[in-house]
$ cat upload.txt   # compact mmCIF, C-alpha atoms and all ligand atoms
# COMPACT_ATOMS: atom_id res chain seq x y z
CA MET A 1 0.00 0.00 0.00
CA ASN A 2 1.37 3.38 -1.03
CA PHE A 3 0.40 6.43 1.02
CA GLU A 4 2.33 8.91 -1.13
CA PHE A 5 0.96 11.12 -3.86
CA ASN A 6 2.94 11.35 -7.11
CA GLU A 7 4.25 14.61 -8.60
CA THR A 8 1.12 15.16 -10.69
CA HIS A 9 -1.11 14.71 -7.65
CA VAL A 10 0.89 17.28 -5.67
CA MET A 11 0.83 19.71 -8.60
CA ILE A 12 -2.97 19.38 -9.01
CA GLN A 13 -3.49 19.81 -5.28
CA GLU A 14 -1.37 22.98 -5.22
CA MET A 15 -3.03 24.38 -8.34
CA ALA A 16 -6.52 23.75 -6.92
CA ARG A 17 -5.57 25.19 -3.53
CA LYS A 18 -4.14 28.38 -5.04
CA PHE A 19 -7.19 28.86 -7.25
CA ALA A 20 -9.62 28.15 -4.40
CA GLU A 21 -7.87 30.50 -1.97
CA GLU A 22 -7.57 33.34 -4.49
CA GLU A 23 -10.73 33.03 -6.55
CA LEU A 24 -13.35 31.24 -4.44
CA ALA A 25 -12.73 31.78 -0.74
CA PRO A 26 -12.85 35.60 -0.64
CA THR A 27 -16.37 35.77 -2.11
CA ALA A 28 -17.96 32.40 -1.18
CA ASP A 29 -19.94 33.93 1.69
CA GLN A 30 -21.37 36.66 -0.55
CA ARG A 31 -22.48 34.15 -3.20
CA ASP A 32 -24.05 32.05 -0.44
CA GLU A 33 -25.93 35.08 0.87
CA LYS A 34 -27.18 36.11 -2.59
CA GLU A 35 -27.70 32.53 -3.86
CA GLU A 36 -25.53 33.52 -6.82
CA PHE A 37 -24.14 30.93 -9.26
CA PRO A 38 -20.32 31.29 -9.61
CA HIS A 39 -20.28 31.80 -13.40
CA GLU A 40 -16.83 33.40 -13.61
CA ALA A 41 -15.25 30.88 -11.24
CA VAL A 42 -16.69 27.94 -13.21
CA LYS A 43 -15.15 29.39 -16.41
CA LYS A 44 -11.78 29.60 -14.66
CA MET A 45 -12.19 26.05 -13.32
CA ALA A 46 -12.75 24.96 -16.92
CA ASP A 47 -9.54 26.75 -18.01
CA LEU A 48 -7.65 24.80 -15.32
CA GLY A 49 -9.08 21.51 -16.62
CA PHE A 50 -11.22 20.89 -13.52
CA MET A 51 -14.52 20.30 -15.33
CA GLY A 52 -13.47 17.12 -17.12
CA MET A 53 -10.62 15.87 -15.01
CA MET A 54 -10.89 12.13 -15.71
CA VAL A 55 -11.82 12.40 -19.40
CA PRO A 56 -9.01 11.47 -21.84
CA GLU A 57 -7.26 14.37 -23.57
CA GLN A 58 -8.60 13.03 -26.88
CA TRP A 59 -12.00 14.38 -25.77
CA GLU A 60 -10.54 17.61 -24.34
CA GLY A 61 -10.48 16.35 -20.76
CA ALA A 62 -7.47 16.61 -18.45
CA GLY A 63 -6.69 12.87 -18.68
CA LEU A 64 -6.07 12.57 -14.94
CA ASP A 65 -6.91 9.83 -12.43
CA THR A 66 -9.59 9.76 -9.71
CA ILE A 67 -7.04 10.53 -6.97
CA SER A 68 -6.25 13.85 -8.72
CA TYR A 69 -9.97 14.55 -8.96
CA VAL A 70 -10.45 13.91 -5.22
CA LEU A 71 -7.51 16.17 -4.35
CA ALA A 72 -8.92 19.01 -6.47
CA MET A 73 -12.46 18.50 -5.15
CA ILE A 74 -11.23 18.75 -1.54
CA GLU A 75 -9.48 22.08 -2.21
CA ILE A 76 -12.39 23.59 -4.15
CA SER A 77 -14.97 22.45 -1.57
CA LYS A 78 -12.85 23.68 1.33
CA ALA A 79 -13.27 27.19 -0.05
CA ASP A 80 -16.74 26.85 -1.57
CA ALA A 81 -18.77 23.64 -1.39
CA SER A 82 -21.26 25.02 -3.93
CA ALA A 83 -18.49 25.23 -6.53
CA GLY A 84 -17.54 21.72 -5.41
CA VAL A 85 -20.90 20.19 -6.30
CA ILE A 86 -21.08 22.02 -9.63
CA MET A 87 -17.70 20.52 -10.49
CA SER A 88 -18.56 17.09 -9.11
CA VAL A 89 -21.78 16.70 -11.10
CA ASN A 90 -20.10 17.73 -14.35
CA ASN A 91 -17.12 15.41 -13.79
CA SER A 92 -18.62 12.32 -12.16
CA LEU A 93 -22.23 12.19 -13.24
CA VAL A 94 -22.07 13.68 -16.72
CA CYS A 95 -18.60 13.38 -18.28
CA TRP A 96 -17.79 9.98 -16.77
CA GLY A 97 -21.05 8.43 -17.98
CA LEU A 98 -20.65 9.79 -21.51
CA ASP A 99 -16.99 8.80 -21.70
CA THR A 100 -17.74 5.26 -20.46
CA TYR A 101 -21.01 4.50 -22.25
CA GLY A 102 -21.41 7.13 -24.99
CA THR A 103 -21.03 6.43 -28.71
CA GLU A 104 -18.22 8.00 -30.75
CA ALA A 105 -20.75 10.47 -32.20
CA GLN A 106 -22.09 11.38 -28.73
CA LYS A 107 -18.56 11.97 -27.50
CA GLN A 108 -17.77 14.16 -30.53
CA GLN A 109 -20.90 16.22 -30.10
CA TYR A 110 -21.23 16.40 -26.30
CA LEU A 111 -18.23 15.11 -24.38
CA ARG A 112 -15.73 17.56 -25.89
CA GLU A 113 -17.89 20.53 -24.93
CA LEU A 114 -18.60 19.21 -21.42
CA ALA A 115 -15.10 17.99 -20.56
CA SER A 116 -13.52 21.26 -21.69
CA GLY A 117 -16.07 23.11 -19.57
CA ARG A 118 -17.36 25.14 -22.52
CA LYS A 119 -20.70 23.59 -21.65
CA LEU A 120 -22.13 22.52 -18.30
CA GLY A 121 -23.98 19.29 -17.61
CA ALA A 122 -26.66 18.03 -15.22
CA PHE A 123 -27.92 14.56 -14.28
CA ALA A 124 -31.67 14.05 -13.98
CA LEU A 125 -32.65 10.88 -12.14
CA SER A 126 -34.67 12.11 -9.13
CA GLU A 127 -38.40 12.69 -9.39
CA PRO A 128 -41.08 13.65 -6.89
CA GLU A 129 -41.71 9.91 -6.30
CA ALA A 130 -38.27 8.55 -7.22
CA GLY A 131 -35.56 9.64 -4.78
CA SER A 132 -34.08 6.70 -2.88
CA ASP A 133 -36.48 4.50 -4.88
CA ALA A 134 -34.71 5.46 -8.08
CA THR A 135 -36.19 2.75 -10.27
CA ASN A 136 -39.73 4.13 -9.79
CA GLN A 137 -39.45 6.45 -12.79
CA ARG A 138 -42.66 8.22 -13.83
CA THR A 139 -41.11 10.29 -16.60
CA THR A 140 -41.83 8.45 -19.83
CA ALA A 141 -39.97 8.27 -23.12
CA THR A 142 -42.17 7.02 -25.96
CA ASN A 143 -40.53 5.55 -29.03
CA ASP A 144 -41.89 7.51 -32.00
CA GLY A 145 -40.25 7.36 -35.43
CA ASP A 146 -36.74 8.78 -35.34
CA SER A 147 -37.11 10.16 -31.82
CA TYR A 148 -38.32 9.52 -28.27
CA VAL A 149 -40.95 11.80 -26.78
CA LEU A 150 -40.31 12.70 -23.13
CA ASN A 151 -43.04 13.63 -20.65
CA GLY A 152 -42.67 14.13 -16.92
CA THR A 153 -40.95 16.08 -14.15
CA LYS A 154 -37.51 15.75 -12.57
CA ASN A 155 -36.68 17.42 -9.29
CA PHE A 156 -33.72 18.45 -7.13
CA ILE A 157 -31.50 18.69 -10.21
CA THR A 158 -28.11 20.24 -9.43
CA ASN A 159 -26.86 22.60 -12.21
CA GLY A 160 -30.32 22.27 -13.81
CA ALA A 161 -30.88 25.97 -14.48
CA ASN A 162 -27.42 26.57 -15.89
CA ALA A 163 -26.82 23.29 -17.71
CA ASP A 164 -26.50 23.17 -21.49
CA VAL A 165 -26.88 19.39 -21.56
CA VAL A 166 -28.87 17.11 -19.23
CA LEU A 167 -28.62 13.32 -18.95
CA VAL A 168 -32.22 12.26 -18.33
CA MET A 169 -33.47 8.89 -17.10
CA ALA A 170 -37.00 7.99 -18.25
CA ALA A 171 -39.21 4.91 -18.55
CA THR A 172 -39.37 3.48 -22.06
CA ASP A 173 -41.45 0.56 -20.71
CA ARG A 174 -43.07 1.04 -17.29
CA SER A 175 -44.18 -2.60 -17.17
CA ARG A 176 -40.54 -3.74 -17.02
CA GLY A 177 -39.66 -1.75 -13.88
CA ALA A 178 -35.91 -1.12 -13.51
CA LYS A 179 -35.27 -2.88 -16.82
CA GLY A 180 -37.65 -0.50 -18.61
CA VAL A 181 -35.71 2.70 -17.83
CA SER A 182 -33.45 4.32 -20.44
CA ALA A 183 -30.97 7.22 -20.42
CA PHE A 184 -31.02 10.16 -22.85
CA ILE A 185 -28.92 13.19 -23.68
CA VAL A 186 -31.15 16.26 -23.82
CA ASP A 187 -30.08 19.69 -25.05
CA LYS A 188 -31.11 22.88 -23.31
CA GLY A 189 -33.52 24.70 -25.59
CA SER A 190 -35.16 21.50 -26.87
CA LYS A 191 -38.83 22.22 -27.54
CA GLY A 192 -40.95 21.03 -24.62
CA PHE A 193 -38.06 21.11 -22.12
CA SER A 194 -38.15 23.82 -19.46
CA VAL A 195 -36.68 24.73 -16.11
CA ALA A 196 -39.47 24.86 -13.55
CA LYS A 197 -39.12 25.62 -9.84
CA LYS A 198 -35.84 26.87 -8.32
CA GLU A 199 -35.37 25.55 -4.78
CA LYS A 200 -34.55 27.76 -1.77
CA LYS A 201 -32.04 25.73 0.23
CA LEU A 202 -30.39 25.41 3.62
CA GLY A 203 -26.90 25.16 2.13
CA ILE A 204 -24.84 24.99 -1.08
CA ARG A 205 -26.90 28.02 -1.92
CA SER A 206 -24.81 29.31 -4.82
CA SER A 207 -25.27 26.09 -6.78
CA ASP A 208 -28.66 25.89 -8.43
CA THR A 209 -31.15 23.11 -7.68
CA VAL A 210 -34.27 23.04 -9.83
CA SER A 211 -37.14 21.00 -11.19
CA LEU A 212 -37.13 20.23 -14.90
CA ALA A 213 -40.31 19.75 -16.93
CA PHE A 214 -40.70 17.71 -20.13
CA GLU A 215 -43.83 18.15 -22.21
CA ASP A 216 -43.79 16.24 -25.49
CA CYS A 217 -40.07 16.92 -25.71
CA ARG A 218 -38.58 15.15 -28.75
CA VAL A 219 -35.11 13.67 -28.31
CA PRO A 220 -33.39 12.19 -31.38
CA LYS A 221 -32.82 8.42 -31.25
CA GLU A 222 -29.06 8.91 -31.53
CA ASN A 223 -29.21 10.55 -28.07
CA LEU A 224 -30.12 7.29 -26.32
CA ILE A 225 -27.21 6.17 -24.10
CA GLY A 226 -26.52 2.47 -24.56
CA GLU A 227 -29.53 0.25 -25.26
CA GLU A 228 -33.15 0.78 -24.31
CA GLY A 229 -33.53 -0.47 -20.72
CA PHE A 230 -29.93 0.39 -19.74
CA GLY A 231 -30.90 3.59 -17.87
CA ILE A 232 -30.95 2.35 -14.28
CA LYS A 233 -27.68 0.46 -14.57
CA PHE A 234 -26.20 3.54 -16.23
CA ALA A 235 -27.44 5.79 -13.42
CA LEU A 236 -26.40 3.53 -10.53
CA LYS A 237 -22.97 2.78 -11.98
CA THR A 238 -22.45 6.50 -12.58
CA LEU A 239 -23.53 7.24 -9.00
CA ASP A 240 -20.93 4.74 -7.69
CA GLY A 241 -18.30 7.18 -8.97
CA GLY A 242 -20.33 10.27 -8.08
CA ARG A 243 -20.26 9.25 -4.43
CA ILE A 244 -16.45 9.52 -4.46
CA GLY A 245 -16.87 13.13 -5.59
CA ILE A 246 -19.39 13.88 -2.82
CA ALA A 247 -17.15 12.19 -0.24
CA ALA A 248 -14.38 14.55 -1.41
CA GLN A 249 -16.73 17.52 -1.14
CA ALA A 250 -17.49 16.47 2.46
CA LEU A 251 -13.75 16.16 3.17
CA GLY A 252 -13.27 19.73 1.96
CA ILE A 253 -15.96 20.99 4.34
CA ALA A 254 -14.54 18.96 7.24
CA GLN A 255 -11.05 20.32 6.53
CA ALA A 256 -12.37 23.89 6.41
CA SER A 257 -14.14 23.32 9.75
CA LEU A 258 -11.00 21.95 11.38
CA ASP A 259 -8.78 24.75 9.98
CA ALA A 260 -11.22 27.40 11.24
CA ALA A 261 -11.45 25.75 14.68
CA VAL A 262 -7.65 25.50 15.07
CA LYS A 263 -7.17 29.14 14.05
CA TYR A 264 -9.91 30.48 16.29
CA SER A 265 -8.88 28.45 19.32
CA LYS A 266 -5.39 29.95 19.17
CA GLU A 267 -6.72 33.50 18.84
CA ARG A 268 -9.67 33.51 21.23
CA LYS A 269 -8.89 34.06 24.88
CA ALA A 270 -11.00 33.03 27.87
CA PHE A 271 -9.96 33.06 31.50
CA GLU A 272 -6.83 34.97 30.32
CA LYS A 273 -5.59 32.12 28.09
CA PRO A 274 -6.12 31.10 24.44
CA ILE A 275 -8.94 28.56 24.48
CA ALA A 276 -6.56 26.14 22.70
CA ASN A 277 -4.87 25.72 26.10
CA PHE A 278 -7.96 23.95 27.44
CA GLN A 279 -8.17 20.19 27.11
CA ALA A 280 -11.90 20.42 26.30
CA ILE A 281 -10.96 22.23 23.09
CA GLN A 282 -7.82 20.16 22.41
CA PHE A 283 -9.82 16.90 22.51
CA LYS A 284 -12.42 18.26 20.11
CA LEU A 285 -9.66 19.22 17.65
CA ALA A 286 -7.98 15.83 18.07
CA ASP A 287 -11.22 13.99 17.29
CA MET A 288 -11.97 16.20 14.29
CA ALA A 289 -8.48 15.60 12.85
CA THR A 290 -8.64 11.84 13.45
CA ASN A 291 -12.08 11.51 11.84
CA LEU A 292 -10.96 13.58 8.87
CA GLU A 293 -7.90 11.39 8.35
CA ALA A 294 -10.01 8.21 8.49
CA ALA A 295 -12.51 9.66 5.99
CA LYS A 296 -9.64 10.61 3.67
CA MET A 297 -8.32 7.05 3.78
CA LEU A 298 -11.73 5.64 2.80
CA THR A 299 -12.11 8.16 -0.02
CA PHE A 300 -8.64 7.68 -1.48
CA LYS A 301 -9.11 3.90 -1.22
CA ALA A 302 -12.35 4.12 -3.26
CA ALA A 303 -10.64 6.41 -5.80
CA HIS A 304 -7.69 4.02 -6.05
CA LEU A 305 -9.98 1.00 -6.62
CA LYS A 306 -11.69 2.93 -9.42
CA ASP A 307 -8.34 3.84 -10.95
CA ILE A 308 -7.09 0.24 -10.99
CA GLY A 309 -10.37 -1.09 -12.42
CA GLU A 310 -11.55 -2.98 -9.33
CA ASN A 311 -15.12 -2.94 -7.95
CA TYR A 312 -15.45 0.39 -6.15
CA GLY A 313 -19.23 0.61 -5.46
CA PRO A 314 -19.22 -0.50 -1.80
CA ALA A 315 -15.98 1.41 -1.11
CA SER A 316 -17.42 4.63 -2.51
CA ALA A 317 -20.59 4.12 -0.44
CA MET A 318 -18.44 3.71 2.70
CA ALA A 319 -16.41 6.80 1.81
CA LYS A 320 -19.52 8.94 1.29
CA LEU A 321 -21.29 7.55 4.35
CA TYR A 322 -18.38 8.29 6.67
CA ALA A 323 -17.07 11.51 5.11
CA SER A 324 -20.54 13.09 5.11
CA LYS A 325 -21.11 12.09 8.75
CA ILE A 326 -17.84 13.56 9.97
CA ALA A 327 -18.33 16.70 7.84
CA VAL A 328 -21.57 17.44 9.73
CA GLU A 329 -19.98 16.57 13.08
CA SER A 330 -16.86 18.65 12.38
CA ALA A 331 -18.90 21.67 11.34
CA LEU A 332 -20.96 21.36 14.53
CA GLU A 333 -17.82 21.14 16.66
CA ALA A 334 -16.31 24.12 14.84
CA ILE A 335 -19.42 26.12 15.74
CA GLN A 336 -19.21 24.94 19.36
CA ILE A 337 -15.57 26.02 19.58
CA HIS A 338 -16.46 29.44 18.14
CA GLY A 339 -19.31 29.79 20.66
CA GLY A 340 -21.69 32.63 19.83
CA TYR A 341 -19.40 33.76 16.99
CA GLY A 342 -19.92 30.38 15.36
CA TYR A 343 -23.65 30.85 15.22
CA VAL A 344 -23.46 34.11 13.27
CA ARG A 345 -22.21 34.55 9.70
CA GLU A 346 -18.91 36.32 10.41
CA TYR A 347 -16.70 33.22 10.71
CA ASN A 348 -18.14 30.98 7.93
CA VAL A 349 -18.50 27.95 10.21
CA GLU A 350 -22.30 28.15 10.19
CA ARG A 351 -22.07 27.94 6.35
CA TYR A 352 -19.95 24.81 6.69
CA LEU A 353 -22.71 23.16 8.71
CA ARG A 354 -25.42 24.21 6.25
CA ASP A 355 -23.30 22.97 3.32
CA ALA A 356 -22.28 19.72 5.05
CA LYS A 357 -25.82 18.46 5.64
CA ILE A 358 -26.63 17.82 1.98
CA THR A 359 -23.66 15.43 1.64
CA GLU A 360 -25.68 13.00 3.81
CA ILE A 361 -28.61 13.26 1.39
CA TYR A 362 -27.75 13.68 -2.30
CA GLU A 363 -26.30 11.00 -4.55
CA GLY A 364 -27.90 8.50 -2.18
CA THR A 365 -28.82 9.19 1.45
CA SER A 366 -26.71 7.69 4.24
CA GLU A 367 -29.41 5.05 4.58
CA ILE A 368 -29.00 4.11 0.89
CA GLN A 369 -25.20 3.91 1.34
CA ARG A 370 -25.85 1.39 4.14
CA VAL A 371 -28.11 -0.57 1.76
CA VAL A 372 -25.30 -0.70 -0.82
CA ILE A 373 -22.70 -1.70 1.79
CA SER A 374 -24.84 -4.36 3.49
CA ARG A 375 -25.89 -5.87 0.13
CA ALA A 376 -22.20 -6.27 -0.73
CA LEU A 377 -21.72 -8.11 2.58
CA LEU A 378 -24.79 -10.30 2.42
CA GLY A 379 -25.09 -10.85 -1.34
N1 LIG B 1 -24.19 -0.46 -10.89
C1 LIG B 1 -24.82 -1.03 -11.95
N2 LIG B 1 -26.01 -1.65 -11.84
C2 LIG B 1 -26.58 -1.70 -10.62
C3 LIG B 1 -25.97 -1.14 -9.47
C4 LIG B 1 -24.73 -0.50 -9.64
N3 LIG B 1 -24.09 0.05 -8.62
N4 LIG B 1 -26.77 -1.34 -8.41
C5 LIG B 1 -27.84 -2.01 -8.86
N5 LIG B 1 -27.71 -2.22 -10.19
C6 LIG B 1 -28.64 -2.92 -11.09
C7 LIG B 1 -29.16 -4.21 -10.47
O1 LIG B 1 -28.30 -5.29 -10.77
C8 LIG B 1 -30.53 -4.35 -11.11
O2 LIG B 1 -30.40 -4.88 -12.41
P1 LIG B 1 -30.84 -6.42 -12.73
O3 LIG B 1 -32.28 -6.51 -12.32
O4 LIG B 1 -30.59 -6.58 -14.17
O5 LIG B 1 -29.95 -7.27 -11.86
C9 LIG B 1 -30.98 -2.91 -11.28
O6 LIG B 1 -29.80 -2.09 -11.25
C10 LIG B 1 -31.92 -2.43 -10.16
O7 LIG B 1 -31.23 -2.66 -8.96
P2 LIG B 1 -31.95 -3.17 -7.65
O8 LIG B 1 -32.86 -4.31 -7.98
O9 LIG B 1 -30.90 -3.39 -6.63
O10 LIG B 1 -32.87 -1.90 -7.34
P3 LIG B 1 -33.53 -1.39 -6.02
O11 LIG B 1 -34.83 -0.78 -6.39
O12 LIG B 1 -33.50 -2.43 -4.96
O13 LIG B 1 -32.61 -0.13 -5.61
C11 LIG B 1 -30.84 1.14 -4.67
C12 LIG B 1 -31.28 -0.13 -5.39
C13 LIG B 1 -29.46 0.87 -4.15
C14 LIG B 1 -31.75 1.51 -3.53
C15 LIG B 1 -30.80 2.30 -5.72
O14 LIG B 1 -32.12 2.58 -6.19
C16 LIG B 1 -30.17 3.56 -5.23
O15 LIG B 1 -28.94 3.67 -5.21
N6 LIG B 1 -30.99 4.58 -4.87
C17 LIG B 1 -30.48 5.91 -4.57
C18 LIG B 1 -30.50 6.75 -5.81
C19 LIG B 1 -29.61 7.93 -5.69
O16 LIG B 1 -28.46 7.86 -5.29
N7 LIG B 1 -30.14 9.08 -6.14
C20 LIG B 1 -29.39 10.28 -6.18
C21 LIG B 1 -29.94 11.19 -7.21
S1 LIG B 1 -28.74 11.96 -8.20
C22 LIG B 1 -28.16 13.27 -7.33
O17 LIG B 1 -28.36 13.44 -6.15
C23 LIG B 1 -27.29 14.12 -8.15
C24 LIG B 1 -27.18 15.53 -7.80
O18 LIG B 1 -27.85 16.33 -8.40
C25 LIG B 1 -26.12 15.96 -6.86
$ encode --input "upload.txt" --output "structure tokens" --more "lines below"
Ligand code: CAA
Amino acid sequence: MNFEFNETHVMIQEMARKFAEEELAPTADQRDEKEEFPHEAVKKMADLGFMGMMVPEQWEGAGLDTISYVLAMIEISKADASAGVIMSVNNSLVCWGLDTYGTEAQKQQYLRELASGRKLGAFALSEPEAGSDATNQRTTATNDGDSYVLNGTKNFITNGANADVVLVMAATDRSRGAKGVSAFIVDKGSKGFSVAKKEKKLGIRSSDTVSLAFEDCRVPKENLIGEEGFGIKFALKTLDGGRIGIAAQALGIAQASLDAAVKYSKERKAFEKPIANFQAIQFKLADMATNLEAAKMLTFKAAHLKDIGENYGPASAMAKLYASKIAVESALEAIQIHGGYGYVREYNVERYLRDAKITEIYEGTSEIQRVVISRALLG
């Protein structure tokens, strides 16, 4: 087992850290307050190759491994977890799926644009009645001549309002359940496709989360991903990798919480001493650091398994389950250490808590991660 990063990993980490500290951190709180999408920052992330990190250079991606992606995601999310999820969805849920299962023509037309970051992608699986129960798709795709006709509603779609391209799961044959769901590439601006409600959220407020509506929306047959009936396998396999990205986002938030708590505990005085001198604070910091290290190990292990072509589904579920849990706990402890100052906006730690919570919910709740892990154990 090798615990060292190679030169490329270190370079990516430094590049992401510099960018995040200079371009994201100073204004993250303002974007959170105004619920403002980071358009300029996403363009710069694209210039750095962060929007298609694992896509081969042939398709205008950065041609890097999953470890590099995790390192960059941690740095970006440490400064701004909203930017983290925008990046994660484009990389893991959109580019990876198209690179792995798309046709040559689909890659020419869509992957180049998405991996270079000239276009932004979204992934539409969730519906009002299909969250954890992902196979219960009500959106339909009717085979009609040279196209499929989509009808239905998707909800909680990250990047949905700003995406140029959306990967949409829909039932081509409701009677076949999970085997009757297919995946489609849908262009923004397609007739019958519209962005409906924008959600007001607790956290990750500068990333957009919306409902999407399809009313007799025609999608050309060449935009079907894989075969008819491949949609659920496509979505769940894609989410196996997505969960590594969300684990990394949670690590970034946990790291930010720890860094803020260490800094504040050295500065803040009580009873004529820095509060860092008190064992009550020291033990909190020690636990936060230990949990973070353990969550990193799980996440890098899942990324490594993916990079060497081994089964990484259960490992990515463990990484997301644990990293999201400790991100919430670390943010709570950071607030506790800051006392009253932690509860107000000045020190960012209340944002870390608001941002951390969603990592226990999207791309499979913690309960779903336990389903995936226990199924791997029990068969
Ligand atoms: N990879 C490939 N195929 C898989 C798979 C995987 N990881 N897991 C299951 N499958 C296959 C199964 O083999 C089965 O196919 P067969 O019948 O041919 O064997 C099919 O998919 C259906 O699987 P199950 O029978 O196991 O289905 P289930 O109804 O019991 O559900 C589940 C399984 C684990 C609960 C799954 O539905 C799940 O993961 N739910 C959570 C969905 C989720 O993560 N949603 C997040 C939305 S996206 C999002 O949040 C993005 C964002 O915007 C940030």
$ residues_near_ligand --input "upload.txt" --ligand "ligand LIG 1 (chain B)" --cutoff "8 Å" --atoms "all atoms listed in the file" --output "ChimeraX atom specification"
/A:85,88-89,93,122-126,131-136,156-159,178-179,209,232-240,242,313,361-365,368-369,371-372
$ residues_around --input "upload.txt" --residues "range 54-64 of chain A" --least-positions-apart "2" --cutoff "6 Å" --atoms "all atoms listed in the file" --output "list in words"
Gly49, Gly52, Arg112, Ala115 and Ser116 of chain A
$ closest_residue --input "upload.txt" --among "A:Met297, A:Ala331, A:Ile373, A:Ile275" --to "Met318 in chain A" --atoms "all atoms listed in the file"
A:Ile373
$ atom_distance --input "upload.txt" --atom1 "CA of Asp307 in chain A" --atom2 "CA of Leu377 in chain A"
22.5 Å
$ residues_around --input "upload.txt" --residues "Leu258 in chain A" --least-positions-apart "2" --cutoff "8 Å" --atoms "all atoms listed in the file" --output "list in words"
Ala254, Gln255, Ala256, Ala260, Ala261, Val262, Leu285, Met288, Ala289, Ser330, Ala331 and Ala334 of chain A
$ residues_around --input "upload.txt" --residues "Leu71 in chain A" --least-positions-apart "2" --cutoff "12 Å" --atoms "only C-alpha atoms" --output "ChimeraX atom specification"
/A:5-6,8-17,50,53,64-69,73-78,84,244-245,247-249,251-252,296,299-300,303
$ residues_around --input "upload.txt" --residues "Ser190 in chain A" --least-positions-apart "3" --cutoff "10 Å" --atoms "only C-alpha atoms" --output "PyMOL selection string"
chain A and resi 186-187+193-194+214+217-219
$ atom_distance --input "upload.txt" --atom1 "CA of Val165 in chain A" --atom2 "CA of Ala83 in chain A"
18.2 Å
$ closest_residue --input "upload.txt" --among "A:Lys198, A:His304, A:Lys357, A:Lys43" --to "Leu120 in chain A" --atoms "only C-alpha atoms"
A:Lys43
$ residues_near_point --input "upload.txt" --point "(-25.3, 10.7, 7.1)" --cutoff "6 Å" --atoms "all atoms listed in the file" --output "PyMOL selection string"
chain A and resi 321+324-325+360+366
$ closest_residue --input "upload.txt" --among "A:Glu222, A:Glu4, A:Asp47, A:Asp164" --to "Gly121 in chain A" --atoms "only C-alpha atoms"
A:Asp164
$ atom_distance --input "upload.txt" --atom1 "CA of Lys18 in chain A" --atom2 "CA of Asp80 in chain A"
13.2 Å
$ axis_aligned_box --input "upload.txt" --around "range 229-243 of chain A" --padding-each-side "4 Å" --output "JSON"
{"center_x": -25.9, "center_y": 4.9, "center_z": -12.6, "size_x": 23.2, "size_y": 18.7, "size_z": 24.3}
$ closest_atom_pairs --input "upload.txt" --of "range 201-295 of chain A" --to "range 37-41 of chain A" --cutoff "9 Å" --atoms "all atoms listed in the file" --output "tab-separated table"
residue	atom	partner	partner_atom	distance
A:Arg205	CA	A:Phe37	CA	8.4
A:Ser206	CA	A:Phe37	CA	4.8
A:Ser207	CA	A:Phe37	CA	5.6
A:Asp208	CA	A:Phe37	CA	6.8
$ residues_around --input "upload.txt" --residues "Arg174 in chain A" --least-positions-apart "3" --cutoff "10 Å" --atoms "all atoms listed in the file" --output "PDB file with C-alpha atoms, keeping the file's coordinate frame"
ATOM      1  CA  THR A 135     -36.190   2.750 -10.270  1.00  0.00           C
ATOM      2  CA  ASN A 136     -39.730   4.130  -9.790  1.00  0.00           C
ATOM      3  CA  GLN A 137     -39.450   6.450 -12.790  1.00  0.00           C
ATOM      4  CA  ARG A 138     -42.660   8.220 -13.830  1.00  0.00           C
ATOM      5  CA  THR A 139     -41.110  10.290 -16.600  1.00  0.00           C
ATOM      6  CA  THR A 140     -41.830   8.450 -19.830  1.00  0.00           C
ATOM      7  CA  ALA A 141     -39.970   8.270 -23.120  1.00  0.00           C
ATOM      8  CA  ALA A 170     -37.000   7.990 -18.250  1.00  0.00           C
ATOM      9  CA  ALA A 171     -39.210   4.910 -18.550  1.00  0.00           C
ATOM     10  CA  GLY A 177     -39.660  -1.750 -13.880  1.00  0.00           C
ATOM     11  CA  ALA A 178     -35.910  -1.120 -13.510  1.00  0.00           C
ATOM     12  CA  LYS A 179     -35.270  -2.880 -16.820  1.00  0.00           C
ATOM     13  CA  GLY A 180     -37.650  -0.500 -18.610  1.00  0.00           C
ATOM     14  CA  VAL A 181     -35.710   2.700 -17.830  1.00  0.00           C
TER      15      VAL A 181
END
$ residues_near_point --input "upload.txt" --point "(-17.1, 31.9, 0.5)" --cutoff "9 Å" --atoms "only C-alpha atoms" --output "short mmCIF file (atom, residue, chain, number, x, y, z; two decimals) with C-alpha atoms, keeping the file's coordinate frame"
data_model
loop_
_atom_site.label_atom_id
_atom_site.label_comp_id
_atom_site.auth_asym_id
_atom_site.auth_seq_id
_atom_site.Cartn_x
_atom_site.Cartn_y
_atom_site.Cartn_z
CA LEU A 24 -13.35 31.24 -4.44
CA ALA A 25 -12.73 31.78 -0.74
CA PRO A 26 -12.85 35.60 -0.64
CA THR A 27 -16.37 35.77 -2.11
CA ALA A 28 -17.96 32.40 -1.18
CA ASP A 29 -19.94 33.93 1.69
CA GLN A 30 -21.37 36.66 -0.55
CA ARG A 31 -22.48 34.15 -3.20
CA ASP A 32 -24.05 32.05 -0.44
CA ALA A 79 -13.27 27.19 -0.05
CA ASP A 80 -16.74 26.85 -1.57
CA ALA A 81 -18.77 23.64 -1.39
CA ASN A 348 -18.14 30.98 7.93
CA ARG A 351 -22.07 27.94 6.35
#
$ decode --input "upload.txt" --residues "range 123-132 of chain A" --atoms "C-alpha atoms" --output "CSV table (one decimal), in the first residue's frame"
chain,number,residue,atom,x,y,z
A,123,PHE,CA,-27.9,14.6,-14.3
A,124,ALA,CA,-31.7,14.1,-14.0
A,125,LEU,CA,-32.7,10.9,-12.1
A,126,SER,CA,-34.7,12.1,-9.1
A,127,GLU,CA,-38.4,12.7,-9.4
A,128,PRO,CA,-41.1,13.7,-6.9
A,129,GLU,CA,-41.7,9.9,-6.3
A,130,ALA,CA,-38.3,8.5,-7.2
A,131,GLY,CA,-35.6,9.6,-4.8
A,132,SER,CA,-34.1,6.7,-2.9
